[in-house]
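Below is one structure, written out as structure tokens, with a few remarks after it.
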Amino acid sequence: MADLQKAEIVGTPALDGQYIGEMDIWPFEAPEFNRIYPFYDNLRAGKFTTTKCKKCGYIMFPPQVICPKCWSDELEWVELPKRAKVVTLTETQAGAPLGFESPLILAWLTFGDKGPLKHLLGRIIHCKEGELKEGDEVKFVTFSVPSHPFEVKKETKVSDRVFYAFEPVK
Ligand SMILES: [Zn+2]
């Protein structure tokens, strides 16, 4: 897909002998381990999605398997907008947690008054310290995450992993 933007690999290099697999900060994205795995399949296809309750219509993020408003498990996948505006942000300039580089920028985002979600907390990448301001527009981007083998019914599997963030619209 043309709009799938793959950035450089970021995250804990679990297989480089530097860290043990248990310190992996990224979710298992395989159906054997994760009931919201379609979210990751959609990310791999360049789509930003979440779950919507078929009973009450509530749209939740991150995606879930039970509606937090009415407890229904009848949910459907819906696409989210790929552009958002920064309401406010925080920059960790030094001492970012393991697996993240400084500056670690987190922003409180809005899709606007008519957006499917009121707000969304998003990580901002490809952005220098001090570059992003309140009111700026950011866009959805995916990036590869290091993978490591896991065992399913005595079979060893390695799945491609992907995660999402936002980057400034220039
Ligand atoms: Zn509901």
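Scheme for the structure tokens: letters A, B, ... for chains in order shown; per-chain residue numbers from 1; ligand numbers from 1 in order shown.
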What are the closest atom pairs, with distances in Å to one decimal, for all residues of chain A lying within 12 Å of ligand 1? Consider only C-alpha atoms and all ligand atoms, order rows by chain and residue number, and present the result as a tab-separated table.
residue	atom	partner	partner_atom_place_in_ligand_line	distance
A:Thr51	CA	ligand 1	1 (Zn)	10.3
A:Lys52	CA	ligand 1	1 (Zn)	7.8
A:Cys53	CA	ligand 1	1 (Zn)	4.6
A:Lys54	CA	ligand 1	1 (Zn)	6.7
A:Lys55	CA	ligand 1	1 (Zn)	5.2
A:Cys56	CA	ligand 1	1 (Zn)	4.1
A:Gly57	CA	ligand 1	1 (Zn)	6.0
A:Tyr58	CA	ligand 1	1 (Zn)	5.5
A:Ile59	CA	ligand 1	1 (Zn)	8.4
A:Met60	CA	ligand 1	1 (Zn)	9.4
A:Gln64	CA	ligand 1	1 (Zn)	11.1
A:Val65	CA	ligand 1	1 (Zn)	10.8
A:Ile66	CA	ligand 1	1 (Zn)	7.9
A:Cys67	CA	ligand 1	1 (Zn)	4.6
A:Pro68	CA	ligand 1	1 (Zn)	6.7
A:Lys69	CA	ligand 1	1 (Zn)	5.0
A:Cys70	CA	ligand 1	1 (Zn)	4.2
A:Trp71	CA	ligand 1	1 (Zn)	6.0
A:Ser72	CA	ligand 1	1 (Zn)	5.5
A:Asp73	CA	ligand 1	1 (Zn)	8.0
A:Glu74	CA	ligand 1	1 (Zn)	8.1
A:Leu75	CA	ligand 1	1 (Zn)	8.1
A:Glu76	CA	ligand 1	1 (Zn)	10.9
_Distance query range 120-133 of chain A at most 6 Å, only C-alpha atoms, self and fewer than 3 positions along chain excluded, as a count of residues only_ = 9
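Checking A:Pro97, A:Pro63, A:Gly135, A:Gly115 one by one against Arg35 in chain A, counting only C-alpha atoms, you find the shortest gap at A:Pro63.
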*Out of chain A, which residues get strand (DSSP E) from DSSP, as a PyMOL selection string?*
chain A and resi 6-7+49-53+59-60+75-79+83-92+104-110+120-124+137-145+150-152+155-157+161-168
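Atom pair CA of Pro103 in chain A / CA of Pro146 in chain A has a distance of 20.4 Å (rounded to one decimal).
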*From the list A:Ala94, A:Val145, A:Val86, A:Val152, which residue is nearest Gly112 in chain A when using only C-alpha atoms?*
A:Val86
*Running DSSP on the backbone, which parts of range 11-126 of chain A land in helix (DSSP H, G or I), as a PyMOL selection string?*
chain A and resi 21-23+37-44
*Choose the residue, out of A:Trp26, A:Phe48, A:Tyr37, A:Phe61, that has the smallest atom-to-atom separation from Lys118 in chain A; count only C-alpha atoms.*
A:Phe61
